[in-house]
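Peer 1: Have a look at this one.
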Amino acid sequence: MHQAACKPVNEEQRLKALSEYRILGSKPEEVYDNITRIAALACNVPIALISLVDRERQWFKSKVGLKVDETPRDMSFCAHTILDADPMVVEDALFDQRFKDNPLVLQEPHIRLYAGFPLETPTEQRLGTLCVIDRIPKSLTNSQFKIMQELAKQVVMHLELRKRSFTLMEEFCRMHHNQGLISTCSYCKSVRDQRGQWQPFDQFMMQHSTLNFSHGICQSCMTKHFPDIH
């Protein structure tokens, strides 16, 4: 029998953190698919996955070279990877005691190389992995290893942006529920607050949400207001 991974000591906190991203079961997205394609090309492998480890399954947010959307957690290589903050590289799964009898090794996709890089959040919760798989024994070069580390960071960054987007929408909904419609000036787009005072949109949003703003000049305004410079 194959050896299933034990559960992390912080499993309940980890699952709670995973649920906050509202990513499980979501539709494919180009931004994640780009990352798995780059991983497969960089490592010269047929399979690359963004795998999220749920309570009883591993679910693939993005996949290259694999048709299934999920597999049972007790078969999951990624469930082993999230037990540690360091990447896990198995050069030949047939000679690894943990995996030599695993159905994913003995049957499709016939895993030999597995290289998994944990997706660790800013709160140190490991949600899953960015991993690459080959059907022949091999390892990763130093350059490929570093590329995978950077791509895993990119996955986490996009997950964080997703989470913040949901938080922002909820804040807007609360503002709408508590205050009614937000009143803006038709000309300068200033916002009228509850006291009836007008203030710049960015200032209003910083007071009523977690947003921060930086400023620049878009191409249209550059053309309109600074034609000589443009």
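The chains in the structure tokens are called A, B, ... from first to last as shown; in each chain the residues are counted from 1, and the ligands are counted from 1 in the order shown.
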As an mmCIF file with N, CA and C atoms, in the first residue's frame, please: every residue in range 40-227 of chain A that DSSP puts in helix (DSSP H, G or I).
Peer 2:
```cif
data_model
loop_
_atom_site.group_PDB
_atom_site.id
_atom_site.type_symbol
_atom_site.label_atom_id
_atom_site.label_comp_id
_atom_site.auth_asym_id
_atom_site.auth_seq_id
_atom_site.Cartn_x
_atom_site.Cartn_y
_atom_site.Cartn_z
ATOM 1 N N ALA A 40 6.200 24.207 -17.268
ATOM 2 C CA ALA A 40 6.421 23.021 -18.096
ATOM 3 C C ALA A 40 7.528 23.253 -19.120
ATOM 4 N N LEU A 41 7.524 24.432 -19.734
ATOM 5 C CA LEU A 41 8.550 24.751 -20.730
ATOM 6 C C LEU A 41 9.925 24.893 -20.085
ATOM 7 N N ALA A 42 9.982 25.594 -18.958
ATOM 8 C CA ALA A 42 11.265 25.843 -18.301
ATOM 9 C C ALA A 42 11.913 24.549 -17.808
ATOM 10 N N CYS A 43 11.090 23.619 -17.339
ATOM 11 C CA CYS A 43 11.616 22.374 -16.790
ATOM 12 C C CYS A 43 11.619 21.234 -17.802
ATOM 13 N N ARG A 73 -6.774 12.943 -1.906
ATOM 14 C CA ARG A 73 -5.650 13.484 -1.147
ATOM 15 C C ARG A 73 -4.682 12.394 -0.717
ATOM 16 N N ASP A 74 -5.193 11.189 -0.424
ATOM 17 C CA ASP A 74 -4.290 10.149 0.074
ATOM 18 C C ASP A 74 -3.332 9.629 -0.997
ATOM 19 N N MET A 75 -3.555 10.006 -2.271
ATOM 20 C CA MET A 75 -2.608 9.678 -3.333
ATOM 21 C C MET A 75 -1.658 10.838 -3.628
ATOM 22 N N CYS A 78 1.571 16.214 -3.430
ATOM 23 C CA CYS A 78 1.546 17.585 -2.912
ATOM 24 C C CYS A 78 1.192 17.623 -1.430
ATOM 25 N N ALA A 79 0.398 16.643 -0.968
ATOM 26 C CA ALA A 79 0.059 16.577 0.452
ATOM 27 C C ALA A 79 1.300 16.322 1.295
ATOM 28 N N HIS A 80 2.300 15.663 0.723
ATOM 29 C CA HIS A 80 3.578 15.488 1.402
ATOM 30 C C HIS A 80 4.373 16.792 1.366
ATOM 31 N N THR A 81 4.317 17.474 0.233
ATOM 32 C CA THR A 81 5.115 18.690 0.053
ATOM 33 C C THR A 81 4.734 19.777 1.041
ATOM 34 N N ALA A 93 10.188 8.228 -8.507
ATOM 35 C CA ALA A 93 9.208 7.805 -7.501
ATOM 36 C C ALA A 93 9.187 6.293 -7.303
ATOM 37 N N LEU A 94 9.655 5.518 -8.295
ATOM 38 C CA LEU A 94 9.678 4.067 -8.151
ATOM 39 C C LEU A 94 10.653 3.607 -7.074
ATOM 40 N N PHE A 95 11.608 4.451 -6.737
ATOM 41 C CA PHE A 95 12.608 4.089 -5.745
ATOM 42 C C PHE A 95 12.447 4.892 -4.454
ATOM 43 N N PRO A 103 -0.799 4.647 -6.841
ATOM 44 C CA PRO A 103 -1.462 4.455 -8.138
ATOM 45 C C PRO A 103 -1.040 5.472 -9.194
ATOM 46 N N LEU A 104 -0.659 6.686 -8.776
ATOM 47 C CA LEU A 104 -0.234 7.697 -9.746
ATOM 48 C C LEU A 104 1.165 7.403 -10.288
ATOM 49 N N VAL A 105 1.857 6.483 -9.644
ATOM 50 C CA VAL A 105 3.158 6.026 -10.126
ATOM 51 C C VAL A 105 3.000 4.768 -10.981
ATOM 52 N N LEU A 106 2.187 3.831 -10.510
ATOM 53 C CA LEU A 106 2.008 2.559 -11.209
ATOM 54 C C LEU A 106 1.073 2.679 -12.402
ATOM 55 N N ASN A 142 19.839 23.800 -11.381
ATOM 56 C CA ASN A 142 19.764 24.918 -10.434
ATOM 57 C C ASN A 142 18.898 26.053 -10.977
ATOM 58 N N SER A 143 19.036 26.319 -12.273
ATOM 59 C CA SER A 143 18.241 27.393 -12.890
ATOM 60 C C SER A 143 16.760 27.054 -12.883
ATOM 61 N N GLN A 144 16.430 25.816 -13.226
ATOM 62 C CA GLN A 144 15.027 25.396 -13.223
ATOM 63 C C GLN A 144 14.444 25.472 -11.806
ATOM 64 N N PHE A 145 15.234 25.068 -10.816
ATOM 65 C CA PHE A 145 14.791 25.126 -9.421
ATOM 66 C C PHE A 145 14.461 26.565 -9.030
ATOM 67 N N LYS A 146 15.323 27.494 -9.392
ATOM 68 C CA LYS A 146 15.098 28.905 -9.043
ATOM 69 C C LYS A 146 13.893 29.474 -9.787
ATOM 70 N N ILE A 147 13.714 29.091 -11.048
ATOM 71 C CA ILE A 147 12.554 29.543 -11.818
ATOM 72 C C ILE A 147 11.263 29.076 -11.147
ATOM 73 N N MET A 148 11.240 27.819 -10.722
ATOM 74 C CA MET A 148 10.048 27.293 -10.063
ATOM 75 C C MET A 148 9.770 28.017 -8.751
ATOM 76 N N GLN A 149 10.793 28.350 -8.009
ATOM 77 C CA GLN A 149 10.592 29.105 -6.776
ATOM 78 C C GLN A 149 9.945 30.457 -7.057
ATOM 79 N N GLU A 150 10.421 31.133 -8.096
ATOM 80 C CA GLU A 150 9.868 32.444 -8.429
ATOM 81 C C GLU A 150 8.447 32.323 -8.965
ATOM 82 N N LEU A 151 8.173 31.298 -9.748
ATOM 83 C CA LEU A 151 6.814 31.107 -10.267
ATOM 84 C C LEU A 151 5.839 30.789 -9.136
ATOM 85 N N ALA A 152 6.275 30.021 -8.141
ATOM 86 C CA ALA A 152 5.410 29.730 -6.988
ATOM 87 C C ALA A 152 5.052 31.012 -6.253
ATOM 88 N N LYS A 153 6.010 31.929 -6.148
ATOM 89 C CA LYS A 153 5.728 33.225 -5.518
ATOM 90 C C LYS A 153 4.689 33.999 -6.331
ATOM 91 N N GLN A 154 4.767 33.888 -7.660
ATOM 92 C CA GLN A 154 3.795 34.569 -8.510
ATOM 93 C C GLN A 154 2.386 34.020 -8.298
ATOM 94 N N VAL A 155 2.274 32.704 -8.130
ATOM 95 C CA VAL A 155 0.959 32.110 -7.857
ATOM 96 C C VAL A 155 0.377 32.693 -6.571
ATOM 97 N N VAL A 156 1.190 32.745 -5.529
ATOM 98 C CA VAL A 156 0.720 33.279 -4.240
ATOM 99 C C VAL A 156 0.330 34.745 -4.380
ATOM 100 N N MET A 157 1.104 35.506 -5.145
ATOM 101 C CA MET A 157 0.784 36.918 -5.347
ATOM 102 C C MET A 157 -0.589 37.077 -5.999
ATOM 103 N N HIS A 158 -0.884 36.254 -7.002
ATOM 104 C CA HIS A 158 -2.190 36.339 -7.667
ATOM 105 C C HIS A 158 -3.310 35.878 -6.742
ATOM 106 N N LEU A 159 -3.044 34.901 -5.900
ATOM 107 C CA LEU A 159 -4.046 34.484 -4.917
ATOM 108 C C LEU A 159 -4.342 35.615 -3.934
ATOM 109 N N GLU A 160 -3.294 36.332 -3.525
ATOM 110 C CA GLU A 160 -3.481 37.449 -2.607
ATOM 111 C C GLU A 160 -4.298 38.564 -3.267
ATOM 112 N N LEU A 161 -4.024 38.845 -4.534
ATOM 113 C CA LEU A 161 -4.798 39.859 -5.257
ATOM 114 C C LEU A 161 -6.261 39.450 -5.352
ATOM 115 N N ARG A 162 -6.497 38.165 -5.571
ATOM 116 C CA ARG A 162 -7.870 37.665 -5.638
ATOM 117 C C ARG A 162 -8.574 37.888 -4.299
ATOM 118 N N LYS A 163 -7.887 37.548 -3.222
ATOM 119 C CA LYS A 163 -8.472 37.706 -1.892
ATOM 120 C C LYS A 163 -8.783 39.166 -1.602
ATOM 121 N N ARG A 164 -7.873 40.058 -1.961
ATOM 122 C CA ARG A 164 -8.085 41.484 -1.715
ATOM 123 C C ARG A 164 -9.240 42.019 -2.555
ATOM 124 N N SER A 165 -9.397 41.492 -3.758
ATOM 125 C CA SER A 165 -10.513 41.929 -4.608
ATOM 126 C C SER A 165 -11.845 41.576 -3.966
ATOM 127 N N PHE A 166 -11.950 40.364 -3.417
ATOM 128 C CA PHE A 166 -13.181 39.973 -2.733
ATOM 129 C C PHE A 166 -13.422 40.845 -1.496
ATOM 130 N N THR A 167 -12.353 41.143 -0.764
ATOM 131 C CA THR A 167 -12.483 42.000 0.413
ATOM 132 C C THR A 167 -12.984 43.383 0.025
ATOM 133 N N LEU A 168 -12.449 43.922 -1.064
ATOM 134 C CA LEU A 168 -12.868 45.245 -1.534
ATOM 135 C C LEU A 168 -14.338 45.241 -1.931
ATOM 136 N N MET A 169 -14.770 44.202 -2.638
ATOM 137 C CA MET A 169 -16.181 44.118 -3.032
ATOM 138 C C MET A 169 -17.091 44.061 -1.801
ATOM 139 N N GLU A 170 -16.679 43.327 -0.806
ATOM 140 C CA GLU A 170 -17.484 43.236 0.408
ATOM 141 C C GLU A 170 -17.553 44.584 1.122
ATOM 142 N N GLU A 171 -16.452 45.320 1.116
ATOM 143 C CA GLU A 171 -16.444 46.637 1.743
ATOM 144 C C GLU A 171 -17.378 47.591 1.010
ATOM 145 N N PHE A 172 -17.371 47.509 -0.336
ATOM 146 C CA PHE A 172 -18.300 48.331 -1.119
ATOM 147 C C PHE A 172 -19.743 47.976 -0.800
ATOM 148 N N CYS A 173 -20.004 46.667 -0.655
ATOM 149 C CA CYS A 173 -21.372 46.241 -0.344
ATOM 150 C C CYS A 173 -21.803 46.752 1.028
ATOM 151 N N ARG A 174 -20.896 46.707 1.996
ATOM 152 C CA ARG A 174 -21.230 47.217 3.324
ATOM 153 C C ARG A 174 -21.486 48.721 3.287
ATOM 154 N N MET A 175 -20.661 49.425 2.517
ATOM 155 C CA MET A 175 -20.857 50.868 2.386
ATOM 156 C C MET A 175 -22.206 51.179 1.747
ATOM 157 N N HIS A 176 -22.550 50.408 0.720
ATOM 158 C CA HIS A 176 -23.835 50.625 0.042
ATOM 159 C C HIS A 176 -24.997 50.335 0.989
ATOM 160 N N HIS A 177 -24.857 49.259 1.769
ATOM 161 C CA HIS A 177 -25.934 48.869 2.679
ATOM 162 C C HIS A 177 -26.106 49.901 3.800
ATOM 163 N N ASN A 178 -24.997 50.407 4.292
ATOM 164 C CA ASN A 178 -25.054 51.312 5.447
ATOM 165 C C ASN A 178 -25.323 52.765 5.064
ATOM 166 N N GLN A 179 -24.847 53.167 3.899
ATOM 167 C CA GLN A 179 -24.891 54.577 3.556
ATOM 168 C C GLN A 179 -25.744 54.885 2.325
ATOM 169 N N PHE A 201 -11.733 61.297 -4.551
ATOM 170 C CA PHE A 201 -12.141 59.889 -4.504
ATOM 171 C C PHE A 201 -11.134 59.031 -3.752
ATOM 172 N N ASP A 202 -9.829 59.225 -4.042
ATOM 173 C CA ASP A 202 -8.838 58.373 -3.395
ATOM 174 C C ASP A 202 -8.798 58.608 -1.889
ATOM 175 N N GLN A 203 -8.970 59.855 -1.469
ATOM 176 C CA GLN A 203 -8.994 60.159 -0.036
ATOM 177 C C GLN A 203 -10.190 59.502 0.637
ATOM 178 N N PHE A 204 -11.346 59.564 -0.018
ATOM 179 C CA PHE A 204 -12.560 58.951 0.518
ATOM 180 C C PHE A 204 -12.384 57.446 0.677
ATOM 181 N N MET A 205 -11.795 56.801 -0.360
ATOM 182 C CA MET A 205 -11.643 55.354 -0.319
ATOM 183 C C MET A 205 -10.644 54.917 0.740
ATOM 184 N N MET A 206 -9.593 55.690 0.956
ATOM 185 C CA MET A 206 -8.625 55.329 1.990
ATOM 186 C C MET A 206 -9.238 55.419 3.385
ATOM 187 N N GLN A 207 -10.244 56.311 3.544
ATOM 188 C CA GLN A 207 -10.907 56.440 4.836
ATOM 189 C C GLN A 207 -11.913 55.322 5.093
ATOM 190 N N HIS A 208 -12.472 54.771 4.002
ATOM 191 C CA HIS A 208 -13.570 53.816 4.148
ATOM 192 C C HIS A 208 -13.225 52.405 3.681
ATOM 193 N N GLN A 219 -1.964 57.985 -20.350
ATOM 194 C CA GLN A 219 -1.546 58.448 -21.678
ATOM 195 C C GLN A 219 -2.506 59.499 -22.241
ATOM 196 N N SER A 220 -3.809 59.318 -22.012
ATOM 197 C CA SER A 220 -4.785 60.278 -22.537
ATOM 198 C C SER A 220 -4.609 61.650 -21.904
ATOM 199 N N CYS A 221 -4.399 61.680 -20.570
ATOM 200 C CA CYS A 221 -4.205 62.964 -19.898
ATOM 201 C C CYS A 221 -2.867 63.596 -20.265
ATOM 202 N N MET A 222 -1.866 62.781 -20.500
ATOM 203 C CA MET A 222 -0.586 63.314 -20.936
ATOM 204 C C MET A 222 -0.734 64.014 -22.282
ATOM 205 N N THR A 223 -1.479 63.398 -23.194
ATOM 206 C CA THR A 223 -1.703 63.979 -24.502
ATOM 207 C C THR A 223 -2.504 65.276 -24.392
ATOM 208 N N LYS A 224 -3.519 65.280 -23.504
ATOM 209 C CA LYS A 224 -4.411 66.434 -23.382
ATOM 210 C C LYS A 224 -3.751 67.607 -22.669
ATOM 211 N N HIS A 225 -3.065 67.328 -21.563
ATOM 212 C CA HIS A 225 -2.557 68.395 -20.710
ATOM 213 C C HIS A 225 -1.084 68.716 -20.931
#
```
Peer 1: CA of Pro109 in chain A and CA of Glu91 in chain A, how far apart in Å?
Peer 2: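 Straight-line distance from CA of Glu91 in chain A to CA of Pro109 in chain A works out to 15.2 Å.
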Peer 1: Looking at only C-alpha atoms, which of A:Glu29, A:Glu108, A:Asp69, A:Asp134 is the one that sits closest to Val89 in chain A?
Peer 2: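 Of all the options, A:Asp134 lies closest to Val89 in chain A.
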Peer 1: What's the 12 Å shell around Asn10 in chain A, counting only C-alpha atoms, without same-chain residues fewer than 6 positions away, as a compact mmCIF listing (two decimals) with N, CA and C atoms, in the first residue's frame?
Peer 2:
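The resulting file, part_23.txt, is shown below:
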```txt
# COMPACT_ATOMS: atom_id res chain seq x y z
N LYS A 16 -8.94 26.77 6.70
CA LYS A 16 -9.66 28.03 6.83
C LYS A 16 -9.03 29.09 5.93
N ALA A 17 -7.70 29.15 5.93
CA ALA A 17 -7.00 30.11 5.07
C ALA A 17 -7.29 29.82 3.60
N ILE A 82 3.43 19.93 1.34
CA ILE A 82 3.00 21.03 2.21
C ILE A 82 3.35 20.82 3.67
N LEU A 83 3.93 19.67 4.00
CA LEU A 83 4.35 19.44 5.38
C LEU A 83 5.61 20.21 5.73
N ASP A 84 6.25 20.76 4.72
CA ASP A 84 7.51 21.48 4.94
C ASP A 84 7.54 22.72 4.07
N THR A 123 0.83 34.50 5.81
CA THR A 123 0.61 34.04 7.18
C THR A 123 1.19 32.64 7.40
N GLU A 124 2.04 32.18 6.45
CA GLU A 124 2.76 30.91 6.56
C GLU A 124 1.84 29.70 6.53
N GLN A 125 0.75 29.81 5.78
CA GLN A 125 -0.13 28.67 5.55
C GLN A 125 0.18 28.12 4.15
N ARG A 126 0.50 26.83 4.09
CA ARG A 126 0.83 26.22 2.80
C ARG A 126 -0.43 25.60 2.20
N LEU A 127 -0.93 26.24 1.15
CA LEU A 127 -2.22 25.88 0.55
C LEU A 127 -2.12 24.71 -0.42
```
Peer 1: How far is it from CA of Val64 in chain A to CA of Val31 in chain A, in Å with one decimal?
Peer 2: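 CA of Val31 in chain A lies 13.5 Å from CA of Val64 in chain A.
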Peer 1: What is the distance, in Å and to one decimal place, between CA of Pro137 in chain A and CA of Gln58 in chain A?
Peer 2: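 A separation of 23.3 Å between them.
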Peer 1: Here is a test: counting only C-alpha atoms, which residue of A:Val68, A:Cys6, A:Ile35, A:Val53 is nearest to Pro118 in chain A?
Peer 2: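 Closest to Pro118 in chain A of all the choices is A:Val53.
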Peer 1: With DSSP run on the backbone, what are the strand (DSSP E) residues within chain A? I'd like them as an MDAnalysis selection string.
Peer 2: chainID A and resid 47:53 57:64 70:72 88:90 113:120 126:134 183:184 191:192 198:199
Peer 1: Could you dump the residues just selected with N, CA and C atoms as a tab-separated table (two decimals), in the first residue's frame?
Peer 2:
```
chain	number	residue	atom	x	y	z
A	47	ILE	N	4.07	17.65	-17.76
A	47	ILE	CA	2.99	17.95	-16.82
A	47	ILE	C	3.41	19.03	-15.84
A	48	ALA	N	2.55	20.02	-15.67
A	48	ALA	CA	2.74	21.06	-14.65
A	48	ALA	C	1.38	21.39	-14.05
A	49	LEU	N	1.35	21.59	-12.75
A	49	LEU	CA	0.08	21.76	-12.04
A	49	LEU	C	0.17	22.84	-10.98
A	50	ILE	N	-0.93	23.56	-10.79
A	50	ILE	CA	-1.14	24.33	-9.57
A	50	ILE	C	-2.16	23.54	-8.78
A	51	SER	N	-1.69	22.92	-7.71
A	51	SER	CA	-2.49	21.98	-6.93
A	51	SER	C	-2.81	22.57	-5.57
A	52	LEU	N	-4.08	22.54	-5.20
A	52	LEU	CA	-4.53	23.03	-3.89
A	52	LEU	C	-5.03	21.85	-3.08
A	53	VAL	N	-4.50	21.69	-1.88
A	53	VAL	CA	-4.80	20.51	-1.07
A	53	VAL	C	-5.99	20.82	-0.16
A	57	ARG	N	-9.08	15.94	-0.90
A	57	ARG	CA	-8.68	15.88	-2.30
A	57	ARG	C	-7.59	16.90	-2.57
A	58	GLN	N	-6.91	16.71	-3.71
A	58	GLN	CA	-6.11	17.79	-4.25
A	58	GLN	C	-6.80	18.23	-5.54
A	59	TRP	N	-7.02	19.52	-5.66
A	59	TRP	CA	-7.75	20.07	-6.79
A	59	TRP	C	-6.81	20.97	-7.59
A	60	PHE	N	-6.90	20.85	-8.92
A	60	PHE	CA	-5.97	21.55	-9.78
A	60	PHE	C	-6.58	22.83	-10.33
A	61	LYS	N	-6.06	23.95	-9.88
A	61	LYS	CA	-6.50	25.24	-10.40
A	61	LYS	C	-6.06	25.41	-11.84
A	62	SER	N	-4.88	24.92	-12.15
A	62	SER	CA	-4.38	24.99	-13.52
A	62	SER	C	-3.59	23.73	-13.80
A	63	LYS	N	-3.64	23.25	-15.03
A	63	LYS	CA	-2.94	22.01	-15.36
A	63	LYS	C	-2.48	22.02	-16.81
A	64	VAL	N	-1.31	21.47	-17.02
A	64	VAL	CA	-0.76	21.22	-18.35
A	64	VAL	C	-0.44	19.73	-18.42
A	70	GLU	N	-8.97	16.68	-10.35
A	70	GLU	CA	-8.60	16.43	-8.96
A	70	GLU	C	-8.24	14.97	-8.78
A	71	THR	N	-7.58	14.67	-7.67
A	71	THR	CA	-7.30	13.29	-7.27
A	71	THR	C	-7.50	13.21	-5.76
A	72	PRO	N	-7.69	12.00	-5.23
A	72	PRO	CA	-7.82	11.86	-3.78
A	72	PRO	C	-6.57	12.36	-3.05
A	88	MET	N	9.97	19.93	-2.51
A	88	MET	CA	10.22	18.49	-2.46
A	88	MET	C	10.48	17.99	-3.88
A	89	VAL	N	11.66	17.42	-4.09
A	89	VAL	CA	12.02	16.88	-5.40
A	89	VAL	C	12.26	15.39	-5.26
A	90	VAL	N	11.48	14.60	-6.01
A	90	VAL	CA	11.64	13.14	-6.06
A	90	VAL	C	12.10	12.81	-7.47
A	113	LEU	N	9.67	11.68	-12.10
A	113	LEU	CA	10.08	12.93	-11.47
A	113	LEU	C	8.86	13.64	-10.89
A	114	TYR	N	8.98	14.10	-9.66
A	114	TYR	CA	8.01	15.03	-9.08
A	114	TYR	C	8.82	16.13	-8.39
A	115	ALA	N	8.51	17.38	-8.73
A	115	ALA	CA	9.14	18.52	-8.06
A	115	ALA	C	8.03	19.48	-7.66
A	116	GLY	N	7.79	19.58	-6.35
A	116	GLY	CA	6.71	20.42	-5.83
A	116	GLY	C	7.25	21.58	-5.02
A	117	PHE	N	6.68	22.76	-5.26
A	117	PHE	CA	7.11	23.99	-4.59
A	117	PHE	C	5.92	24.56	-3.84
A	118	PRO	N	6.01	24.61	-2.50
A	118	PRO	CA	4.85	25.02	-1.69
A	118	PRO	C	4.36	26.42	-2.02
A	119	LEU	N	3.04	26.57	-2.00
A	119	LEU	CA	2.39	27.87	-2.13
A	119	LEU	C	2.11	28.36	-0.71
A	120	GLU	N	3.04	29.13	-0.18
A	120	GLU	CA	2.95	29.58	1.20
A	120	GLU	C	2.48	31.02	1.27
A	126	ARG	N	0.50	26.83	4.09
A	126	ARG	CA	0.83	26.22	2.80
A	126	ARG	C	-0.43	25.60	2.20
A	127	LEU	N	-0.93	26.24	1.15
A	127	LEU	CA	-2.22	25.88	0.55
A	127	LEU	C	-2.12	24.71	-0.42
A	128	GLY	N	-0.98	24.56	-1.04
A	128	GLY	CA	-0.79	23.55	-2.08
A	128	GLY	C	0.58	23.74	-2.70
A	129	THR	N	0.68	23.41	-3.99
A	129	THR	CA	1.99	23.51	-4.63
A	129	THR	C	1.86	23.94	-6.08
A	130	LEU	N	2.95	24.46	-6.59
A	130	LEU	CA	3.20	24.51	-8.03
A	130	LEU	C	4.16	23.35	-8.28
A	131	CYS	N	3.77	22.41	-9.11
A	131	CYS	CA	4.62	21.23	-9.29
A	131	CYS	C	4.79	20.88	-10.76
A	132	VAL	N	5.88	20.20	-11.06
A	132	VAL	CA	6.14	19.66	-12.39
A	132	VAL	C	6.38	18.16	-12.26
A	133	ILE	N	5.99	17.43	-13.30
A	133	ILE	CA	6.02	15.96	-13.28
A	133	ILE	C	6.55	15.47	-14.62
A	134	ASP	N	7.37	14.42	-14.57
A	134	ASP	CA	7.81	13.77	-15.79
A	134	ASP	C	7.62	12.26	-15.65
A	183	SER	N	-22.39	59.30	-3.55
A	183	SER	CA	-22.64	60.46	-4.40
A	183	SER	C	-21.31	61.03	-4.89
A	184	THR	N	-21.17	61.13	-6.22
A	184	THR	CA	-19.94	61.67	-6.81
A	184	THR	C	-20.29	62.87	-7.70
A	191	VAL	N	-16.14	62.87	-4.11
A	191	VAL	CA	-17.16	62.10	-3.41
A	191	VAL	C	-17.69	62.91	-2.23
A	192	ARG	N	-19.01	62.91	-2.05
A	192	ARG	CA	-19.62	63.60	-0.92
A	192	ARG	C	-19.79	62.62	0.23
A	198	TRP	N	-17.25	67.51	0.29
A	198	TRP	CA	-16.69	66.88	-0.90
A	198	TRP	C	-15.19	66.65	-0.70
A	199	GLN	N	-14.73	65.47	-1.14
A	199	GLN	CA	-13.31	65.16	-1.03
A	199	GLN	C	-12.89	64.28	-2.21
```
